[in-house]
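Visitor: This is final25.txt, which holds compact mmCIF, C-alpha atoms:
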```txt
# COMPACT_ATOMS: atom_id res chain seq x y z
CA HIS A 1 185.97 149.46 148.16
CA LYS A 2 186.33 150.29 151.88
CA CYS A 3 187.23 153.86 151.10
CA LYS A 4 184.14 154.42 149.01
CA THR A 5 181.76 153.04 151.60
CA GLY A 6 183.37 155.03 154.32
CA ALA A 7 182.99 158.20 152.34
CA VAL A 8 179.35 157.53 151.73
CA GLU A 9 178.71 156.91 155.40
CA GLU A 10 180.45 160.17 156.35
CA VAL A 11 178.30 162.13 153.87
CA LYS A 12 175.15 160.65 155.27
CA HIS A 13 176.27 161.38 158.78
CA GLU A 14 176.95 165.01 157.87
CA GLU A 15 173.53 165.38 156.27
CA THR A 16 171.82 164.10 159.38
CA GLU A 17 173.87 166.39 161.55
CA HIS A 18 172.88 169.54 159.60
CA LYS A 19 169.12 168.82 159.83
CA PRO A 20 167.33 170.62 162.64
CA GLU A 21 165.79 168.59 165.41
CA GLY A 22 162.26 169.79 164.75
CA GLU A 23 162.33 168.64 161.17
CA GLU A 24 163.56 165.18 162.14
CA GLU A 25 160.79 164.77 164.68
CA HIS A 26 158.24 166.03 162.20
CA GLU A 27 159.39 163.58 159.53
CA ASN A 28 159.45 160.70 161.98
CA HIS A 29 155.94 161.61 163.15
CA GLU A 30 154.63 161.72 159.56
CA ASP A 31 156.25 158.36 158.77
CA LYS A 32 154.61 156.74 161.77
CA GLU A 33 151.21 158.22 160.93
CA GLY A 34 151.56 156.99 157.33
CA GLU A 35 152.41 153.51 158.47
CA ASP A 36 149.55 153.52 160.97
CA HIS A 37 147.16 154.81 158.31
CA GLU A 38 148.22 152.15 155.76
CA GLY A 39 147.91 149.44 158.35
CA THR A 40 144.38 150.50 159.25
CA ASP A 41 143.39 150.64 155.56
CA HIS A 42 144.62 147.12 154.92
CA GLU A 43 142.87 145.85 158.01
CA GLY A 44 139.63 147.50 156.91
CA ASP A 45 139.91 145.96 153.49
CA GLU A 46 140.55 142.58 154.99
CA GLU A 47 137.56 143.01 157.29
CA LYS A 48 135.28 144.21 154.51
CA LYS A 49 136.12 141.47 151.97
CA PRO A 50 134.72 138.45 153.91
CA GLU A 51 131.54 140.33 154.73
CA GLU A 52 130.95 141.32 151.08
CA GLU A 53 131.59 137.77 149.86
CA VAL A 54 129.08 136.38 152.36
CA THR A 55 126.40 138.85 151.35
CA GLU A 56 127.00 138.24 147.64
CA LYS A 57 126.74 134.48 148.12
CA LYS A 58 123.48 134.92 150.04
CA GLU A 59 122.06 137.09 147.27
CA GLU A 60 123.07 134.52 144.61
CA LYS A 61 121.45 131.72 146.59
CA LYS A 62 118.26 133.74 146.88
CA GLU A 63 118.22 134.38 143.13
CA ASP A 64 118.79 130.67 142.41
CA GLU A 65 116.01 129.73 144.83
CA ASP A 66 113.68 132.23 143.19
CA GLU A 67 114.46 130.80 139.76
CA ASP A 68 113.90 127.26 141.04
CA ASP A 69 110.59 128.35 142.53
CA ASP A 70 109.52 129.93 139.24
CA ALA A 71 110.56 126.92 137.09
CA PRO A 72 107.87 124.53 138.37
CA LYS A 73 105.28 127.25 137.98
CA LYS A 74 106.28 127.78 134.37
CA GLN A 75 106.27 124.05 133.73
CA GLU A 76 102.86 123.71 135.33
CA LYS A 77 101.51 126.49 133.12
CA ILE A 78 102.93 124.87 129.98
CA TYR A 79 101.64 121.47 131.05
CA ASN A 80 98.17 122.87 131.69
CA VAL A 81 98.10 124.51 128.27
CA ILE A 82 99.13 121.31 126.53
CA ARG A 83 96.76 119.06 128.42
CA LYS A 84 93.81 121.40 128.36
CA PRO A 85 91.02 119.81 126.27
CA PHE A 86 89.72 121.72 123.26
CA LYS A 87 85.93 121.82 123.12
CA GLY A 88 85.51 123.55 119.77
CA GLU A 89 85.89 122.31 116.21
CA ILE A 90 88.87 122.79 113.91
CA GLU A 91 88.44 122.80 110.14
CA VAL A 92 91.54 121.48 108.39
CA GLU A 93 91.93 121.76 104.65
CA PHE A 94 93.33 118.39 103.66
CA ARG A 95 94.87 119.64 100.41
CA ALA A 96 96.99 122.17 102.31
CA VAL A 97 98.31 119.43 104.59
CA PHE A 98 98.90 117.21 101.59
CA ASP A 99 100.90 119.92 99.80
CA ILE A 100 103.11 120.43 102.86
CA MET A 101 103.81 116.72 103.21
CA LYS A 102 104.53 116.43 99.51
CA GLU A 103 107.03 119.32 99.62
CA ILE A 104 108.86 117.76 102.56
CA ILE A 105 109.20 114.40 100.81
CA GLU A 106 110.35 116.05 97.58
CA ALA A 107 113.06 117.93 99.49
CA LEU A 108 114.27 114.70 101.06
CA SER A 109 114.18 112.75 97.79
CA VAL A 110 117.26 114.60 96.51
CA GLU A 111 119.54 112.69 98.91
CA GLN A 112 117.38 109.80 100.17
CA SER A 113 115.32 108.68 97.21
CA GLU A 114 114.83 105.06 98.30
CA ARG A 115 113.51 106.10 101.70
CA CYS A 116 111.26 108.70 100.11
CA LEU A 117 109.73 106.01 97.91
CA LYS A 118 108.32 104.45 101.09
CA TYR A 119 107.23 107.88 102.34
CA TYR A 120 105.33 108.42 99.08
CA LEU A 121 103.55 105.08 99.54
CA GLU A 122 102.64 106.01 103.11
CA LEU A 123 101.30 109.36 101.92
CA ILE A 124 99.21 107.54 99.31
CA GLY A 125 97.80 105.36 102.09
CA VAL A 126 96.82 108.47 104.07
CA ILE A 127 95.12 109.98 101.02
CA ASN A 128 93.31 106.72 100.41
CA GLU A 129 91.80 106.85 103.90
CA CYS A 130 90.90 110.56 103.83
CA ASP A 131 89.69 110.93 100.24
CA PRO A 132 86.78 108.55 99.57
CA GLU A 133 85.33 111.01 97.03
CA LYS A 134 88.51 110.83 94.89
CA GLU A 135 89.15 114.57 94.92
CA LEU A 136 92.91 113.92 94.85
CA ASP A 137 92.73 111.42 92.01
CA GLU A 138 95.30 113.16 89.81
CA ASP A 139 97.58 113.88 92.77
CA THR A 140 97.60 110.21 93.74
CA TYR A 141 98.39 109.29 90.14
CA ASP A 142 101.35 111.70 90.17
CA LEU A 143 102.63 110.19 93.42
CA PHE A 144 102.56 106.68 91.97
CA THR A 145 104.36 107.99 88.90
CA LYS A 146 107.14 109.39 91.10
CA VAL A 147 107.33 106.09 92.97
CA LEU A 148 107.82 104.16 89.74
CA GLU A 149 110.43 106.68 88.54
CA ILE A 150 112.44 106.20 91.74
CA TYR A 151 112.09 102.43 91.34
CA GLN A 152 113.45 102.50 87.80
CA ASN A 153 116.16 105.15 88.13
CA ASP A 154 117.48 105.00 91.70
CA ILE A 155 117.28 101.35 92.73
CA SER A 156 119.94 99.17 91.15
CA ASP A 157 120.22 96.18 93.48
CA ALA A 158 118.34 93.17 92.05
CA ASP A 159 117.06 91.86 95.39
CA GLN A 160 115.98 95.33 96.47
CA LYS A 161 114.01 95.69 93.24
CA VAL A 162 112.10 92.49 93.98
CA LEU A 163 111.10 93.77 97.44
CA THR A 164 110.25 97.23 96.19
CA ILE A 165 108.00 96.11 93.34
CA SER A 166 106.17 93.95 95.85
CA LEU A 167 105.64 96.99 98.12
CA ILE A 168 104.35 99.05 95.20
CA GLY A 169 101.95 96.33 94.13
CA GLY A 170 100.63 95.86 97.66
CA ALA A 171 100.00 99.60 98.07
CA LEU A 172 98.36 99.88 94.65
CA GLU A 173 96.04 96.94 95.26
CA LYS A 174 94.57 98.74 98.32
CA THR A 175 94.24 102.12 96.62
CA THR A 176 90.63 103.15 95.96
CA CYS A 177 91.03 106.93 95.60
CA MET A 178 91.88 106.86 91.86
CA SER A 179 89.64 106.66 88.82
CA GLU A 180 89.57 103.40 86.88
CA ASP A 181 91.58 104.83 83.98
CA ASN A 182 94.36 106.14 86.23
CA TYR A 183 94.38 102.96 88.28
CA ASP A 184 94.57 100.76 85.18
CA GLY A 185 97.47 102.82 83.82
CA ILE A 186 99.52 102.52 87.02
CA ALA A 187 98.63 98.83 87.40
CA GLY A 188 99.76 98.10 83.83
CA HIS A 189 103.02 99.97 84.38
CA THR A 190 103.65 98.04 87.61
CA ALA A 191 102.96 94.69 85.94
CA SER A 192 105.31 95.63 83.10
CA SER A 193 108.05 96.52 85.59
CA SER A 194 107.51 93.16 87.30
CA GLY A 195 108.37 91.40 84.05
CA LYS A 196 111.68 93.28 83.75
CA LEU A 197 113.40 92.00 86.88
CA LEU A 198 116.89 90.61 86.49
CA LYS A 199 116.15 86.94 87.22
CA LYS A 200 113.53 84.96 85.28
CA TYR A 201 112.44 83.19 88.44
CA ASP A 202 111.65 86.52 90.11
CA GLN A 203 109.95 87.78 86.96
CA CYS A 204 107.47 84.92 86.92
CA LEU A 205 106.49 85.24 90.59
CA ALA A 206 106.18 89.03 90.33
CA VAL A 207 103.96 88.82 87.25
CA LEU A 208 101.75 86.26 88.99
CA SER A 209 101.40 88.65 91.93
CA SER A 210 100.37 91.38 89.48
CA THR A 211 97.19 89.44 88.71
CA HIS A 212 95.74 90.76 91.99
CA LEU A 213 96.11 94.32 90.70
CA PHE A 214 93.53 93.59 88.01
CA PHE A 215 91.04 91.60 90.06
CA ASN A 216 90.21 92.78 93.56
CA ASP A 217 87.36 94.31 95.54
CA HIS A 218 87.36 97.66 93.72
CA TYR A 219 88.67 96.82 90.25
CA LYS A 220 88.03 93.81 88.02
CA ASN A 221 89.54 93.21 84.60
CA GLU A 222 89.73 89.52 83.71
CA THR A 223 91.40 90.17 80.38
CA ARG A 224 94.41 91.76 82.06
CA VAL A 225 94.56 88.84 84.51
CA MET A 226 94.75 86.31 81.68
CA GLU A 227 97.47 88.39 79.99
CA CYS A 228 99.53 88.08 83.16
CA PHE A 229 99.06 84.30 83.15
CA LYS A 230 100.23 84.04 79.54
CA LYS A 231 103.29 86.13 80.27
CA ALA A 232 104.15 84.12 83.38
CA LEU A 233 103.81 80.84 81.45
CA LYS A 234 106.06 82.14 78.66
CA ILE A 235 108.76 83.12 81.18
CA THR A 236 108.48 79.74 82.93
CA ASP A 237 108.81 77.76 79.70
CA ALA A 238 111.98 79.64 78.77
CA GLN A 239 113.45 79.14 82.22
CA PHE A 240 112.57 75.44 82.46
CA ASN A 241 113.90 74.67 78.99
CA SER A 242 117.24 76.18 79.94
CA SER A 243 117.44 74.24 83.20
CA SER A 244 114.99 71.46 84.06
CA ASN A 245 115.41 71.45 87.83
CA ALA A 246 113.03 71.39 90.78
CA LYS A 247 113.29 75.14 91.36
CA ASN A 248 112.08 75.99 87.87
CA PHE A 249 109.44 73.26 88.03
CA HIS A 250 108.14 75.07 91.10
CA LEU A 251 107.07 77.93 88.82
CA TYR A 252 104.57 75.67 87.03
CA LEU A 253 103.06 74.76 90.38
CA ALA A 254 102.87 78.43 91.30
CA ILE A 255 100.93 79.10 88.09
CA LEU A 256 98.60 76.17 88.82
CA ASN A 257 97.84 77.40 92.34
CA LYS A 258 97.19 80.93 91.13
CA PHE A 259 94.89 79.41 88.50
CA LEU A 260 92.96 77.64 91.24
CA TYR A 261 92.76 80.84 93.29
CA PHE A 262 90.84 82.66 90.54
CA PHE A 263 88.93 79.54 89.54
CA ASP A 264 87.57 79.42 93.09
CA HIS A 265 85.99 82.88 92.67
CA ASP A 266 82.47 82.54 91.32
CA ASP A 267 82.60 86.00 89.71
CA PHE A 268 85.72 85.13 87.72
CA THR A 269 84.53 83.37 84.57
CA SER A 270 87.61 83.41 82.32
CA ILE A 271 89.07 80.16 83.76
CA LYS A 272 87.12 77.00 83.03
CA PRO A 273 87.61 73.45 84.39
CA ASP A 274 89.14 72.48 81.02
CA ASP A 275 91.79 75.18 81.49
CA VAL A 276 92.73 73.70 84.86
CA ASN A 277 92.91 70.20 83.35
CA LYS A 278 95.23 71.41 80.58
CA CYS A 279 97.49 73.00 83.16
CA LEU A 280 97.59 69.71 85.14
CA GLU A 281 98.46 67.71 82.02
CA MET A 282 101.27 70.10 81.17
CA ILE A 283 102.66 69.77 84.70
CA LYS A 284 102.58 65.97 84.52
CA GLY A 285 104.55 66.12 81.26
CA LYS A 286 107.20 68.39 82.84
CA LEU A 287 107.33 66.20 85.94
CA GLU A 288 109.12 63.40 84.09
CA LYS A 289 112.10 65.66 83.40
CA VAL A 290 112.66 66.54 87.04
CA LYS A 291 114.69 64.10 89.14
CA ASP A 292 114.43 65.86 92.49
CA GLU A 293 111.89 64.22 94.83
CA LYS A 294 111.14 67.48 96.69
CA LYS A 295 108.87 68.52 93.82
CA HIS A 296 106.27 65.96 94.90
CA LYS A 297 105.49 67.71 98.23
CA TYR A 298 104.10 70.88 96.66
CA LEU A 299 102.28 68.92 93.94
CA ASN A 300 100.72 66.47 96.41
CA ALA A 301 99.54 69.35 98.60
CA THR A 302 97.87 70.88 95.54
CA TYR A 303 96.13 67.57 94.76
CA GLN A 304 94.83 67.38 98.32
CA TYR A 305 93.43 70.91 98.05
CA ILE A 306 91.58 70.00 94.83
CA ASN A 307 90.08 66.89 96.45
CA ILE A 308 88.85 68.93 99.42
CA LYS A 309 87.26 71.48 97.10
CA LYS A 310 85.48 68.75 95.16
CA GLY A 311 83.36 68.10 98.23
CA GLU A 312 82.52 71.82 98.55
CA LYS A 313 81.91 73.07 94.98
CA GLU A 314 80.48 71.27 91.94
CA ARG A 315 82.78 72.97 89.44
CA TYR A 316 85.80 71.18 90.99
CA GLY A 317 84.19 67.83 90.12
CA GLU A 318 85.16 68.35 86.48
CA ILE A 319 88.86 68.55 87.32
CA ASN A 320 90.81 65.36 86.68
CA ILE A 321 93.83 64.64 88.88
```
As C-alpha cells - that is how I would like this structure written.
Guide:
Amino acid sequence: HKCKTGAVEEVKHEETEHKPEGEEEHENHEDKEGEDHEGTDHEGDEEKKPEEEVTEKKEEKKEDEDEDDDAPKKQEKIYNVIRKPFKGEIEVEFRAVFDIMKEIIEALSVEQSERCLKYYLELIGVINECDPEKELDEDTYDLFTKVLEIYQNDISDADQKVLTISLIGGALEKTTCMSEDNYDGIAGHTASSSGKLLKKYDQCLAVLSSTHLFFNDHYKNETRVMECFKKALKITDAQFNSSSNAKNFHLYLAILNKFLYFFDHDDFTSIKPDDVNKCLEMIKGKLEKVKDEKKHKYLNATYQYINIKKGEKERYGEINI
C-alpha cells in the first residue's frame, strides 16, 4: 500500500514540475476569479431574496385589503337591492304557482308519503283562502283523493291512523272551495274511513266527529248526520255487549252529548226532545251493568248542562232527567 501511494505522489510531482510557470499562474488566477465570482453571485441572491419576499408580501396585503374594501360595498349593493321597496304591481297566476307546489309535493311523496299528506292538506288550506270563486274545485277534489289514498295505503300504525283521520276531517270541515257534490263525496269517504279503524272505541268517536262534516257553516245535510249517529250507536252496542265496563259506557255518553250539540242548534230539526229522552232512558238501562263509580262524573256533568239549558231554551223543558 505504501509503494502505491508513493508512486502516485511521484507522478503528480512530475506533472507539476513539467508545467510552465505562466500556465500555473494563469490557472490559479482563473480559479480565484471563479471563486470570487461565485461568492458574489450567492451574496447577490441572498440579498435579493429578502427584498423580493418583502415586496411580494406587501402586494398580497394590498390585494387582501382591496378585496376587503370591495366586500362591504358588494354587500351594501345586495342589501339595497333586497330592501328596496317595489312600488309597482305584480300579477301572479295562482294556477301556475299551484302546479309548481303540487309537482314538488308529488316528487317528495315517493319517499316521504306521510309527511306529504300534511303538505297536501296545507296546500288545500292555501287554495281555500285564495280561491273563493271555486275555480280549482276539481283540483282540490283530486288533492283530497290523494290524501285519502296515502291514508289507506301508506299508514299502517293504528294510533297514527286515528290522528290522521282527525286531521283530514278538520281540514275538510273548513274547506269551502269545492262544489257540494265533490264535498259530499269526500266527506262520505272520510266518514267511511273513520268507521274502519282498528279499535271499536276509536271507530265510534271518529264517526261521531264525522257528523260535523255534514253540518257546518257552508254545508248542511241532516240525513247524513243521522246516519252517522246510527252507525256510532251500532258500534257502541257491539262494544258494550262484549265488555260492559266504564270505558265502553263512556261511548253512550259521548253519543248523548253529541245529540245535545245538534239539538241545541235551532236550524237542526232532525233531533226532537223525544229522541233525547229515548237516549237518556237507554243510558239509564246500561248504567246498571257498570260497576265503576267514575261513570257518574261525566253523566252528572251532562245532567247539569241540561238543567242550565232548561232556563235558556224552551225546547229543553221537554227533556226528562
Visitor: Can you pull out the residues contacting A:Ser109? Cut-off 12 Å, using only C-alpha atoms, and skip same-chain residues under 2 positions away; I want them as a ChimeraX atom specification.
Guide: /A:102-107,111-120,146-147,149-150,154
Visitor: Any idea what the distance is between atom CA of A:Gly285 and atom CA of A:Leu299?
Guide: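 Result for atom CA of A:Gly285 versus atom CA of A:Leu299: 13.2 Å, one decimal.
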Visitor: Could you name the residues that touch stretch 189-204 of chain A at 8 Å or less, counting all atoms listed in the file, but leaving out those on the same chain fewer than 2 positions away, as number ranges by chain?
Guide: A: 148, 158, 161-162, 165, 168-169, 185-187, 206-208, 210, 228, 231-233, 235-236, 239, 248, 251
Visitor: Rounded to one decimal in Å, what is the spacing between atom CA of A:Ser179 and atom CA of A:Leu108?
Guide: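 Computing it gives 28.7 Å between the two atoms.
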Visitor: Excluding A:Lys309 and residues on its chain fewer than 6 positions from it, collect all residues at most 12 Å away from it, counting only C-alpha atoms, and give them as a list of chain:residue names.
Guide: A:Leu260, A:Tyr261, A:Phe263, A:Asp264, A:Thr302, A:Tyr303, A:Arg315, A:Tyr316, A:Gly317, A:Glu318, A:Ile319
Visitor: Between atom CA of A:Phe259 and atom CA of A:Asn182, what is the distance in Å, rounded to a tenth?
Guide: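 These two atoms are separated by 26.8 Å.
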Visitor: Go through A:Ile308, A:Leu143, A:Leu136, A:Cys279 and flag the residue nearest A:Tyr252, using all atoms listed in the file for the distances.
Guide: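 Nearest candidate to A:Tyr252 out of A:Ile308, A:Leu143, A:Leu136, A:Cys279: A:Cys279.
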Visitor: For A:Phe98, list every protein, DNA or RNA residue within 10 Å, evaluated using only C-alpha atoms, and leave out those in the same chain fewer than 3 positions away; present the list as an MDAnalysis selection string.
Guide: chainID A and resid 93:95 101:103 123:124 126:127 136 139
Visitor: Closest to A:Asn277 among A:Gln160, A:Gln152, A:Thr140, A:Asn320, using only C-alpha atoms?
Guide: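 Nearest to A:Asn277: A:Asn320.
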Visitor: Listed atoms of stretch 240-243 of chain A, axis-aligned box, 4 Å per side: centre and edge lengths to one decimal in Å, as JSON?
Guide:
```
{"center_x": 115.0, "center_y": 75.2, "center_z": 81.1, "size_x": 12.9, "size_y": 9.9, "size_z": 12.2}
```
Visitor: Point out the residue among A:Val225, A:Phe268, A:Glu122, A:Asn300 with the least atom-to-atom distance to A:Leu167, counting all atoms listed in the file.
Guide: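 Result for the nearest residue to A:Leu167: A:Glu122.
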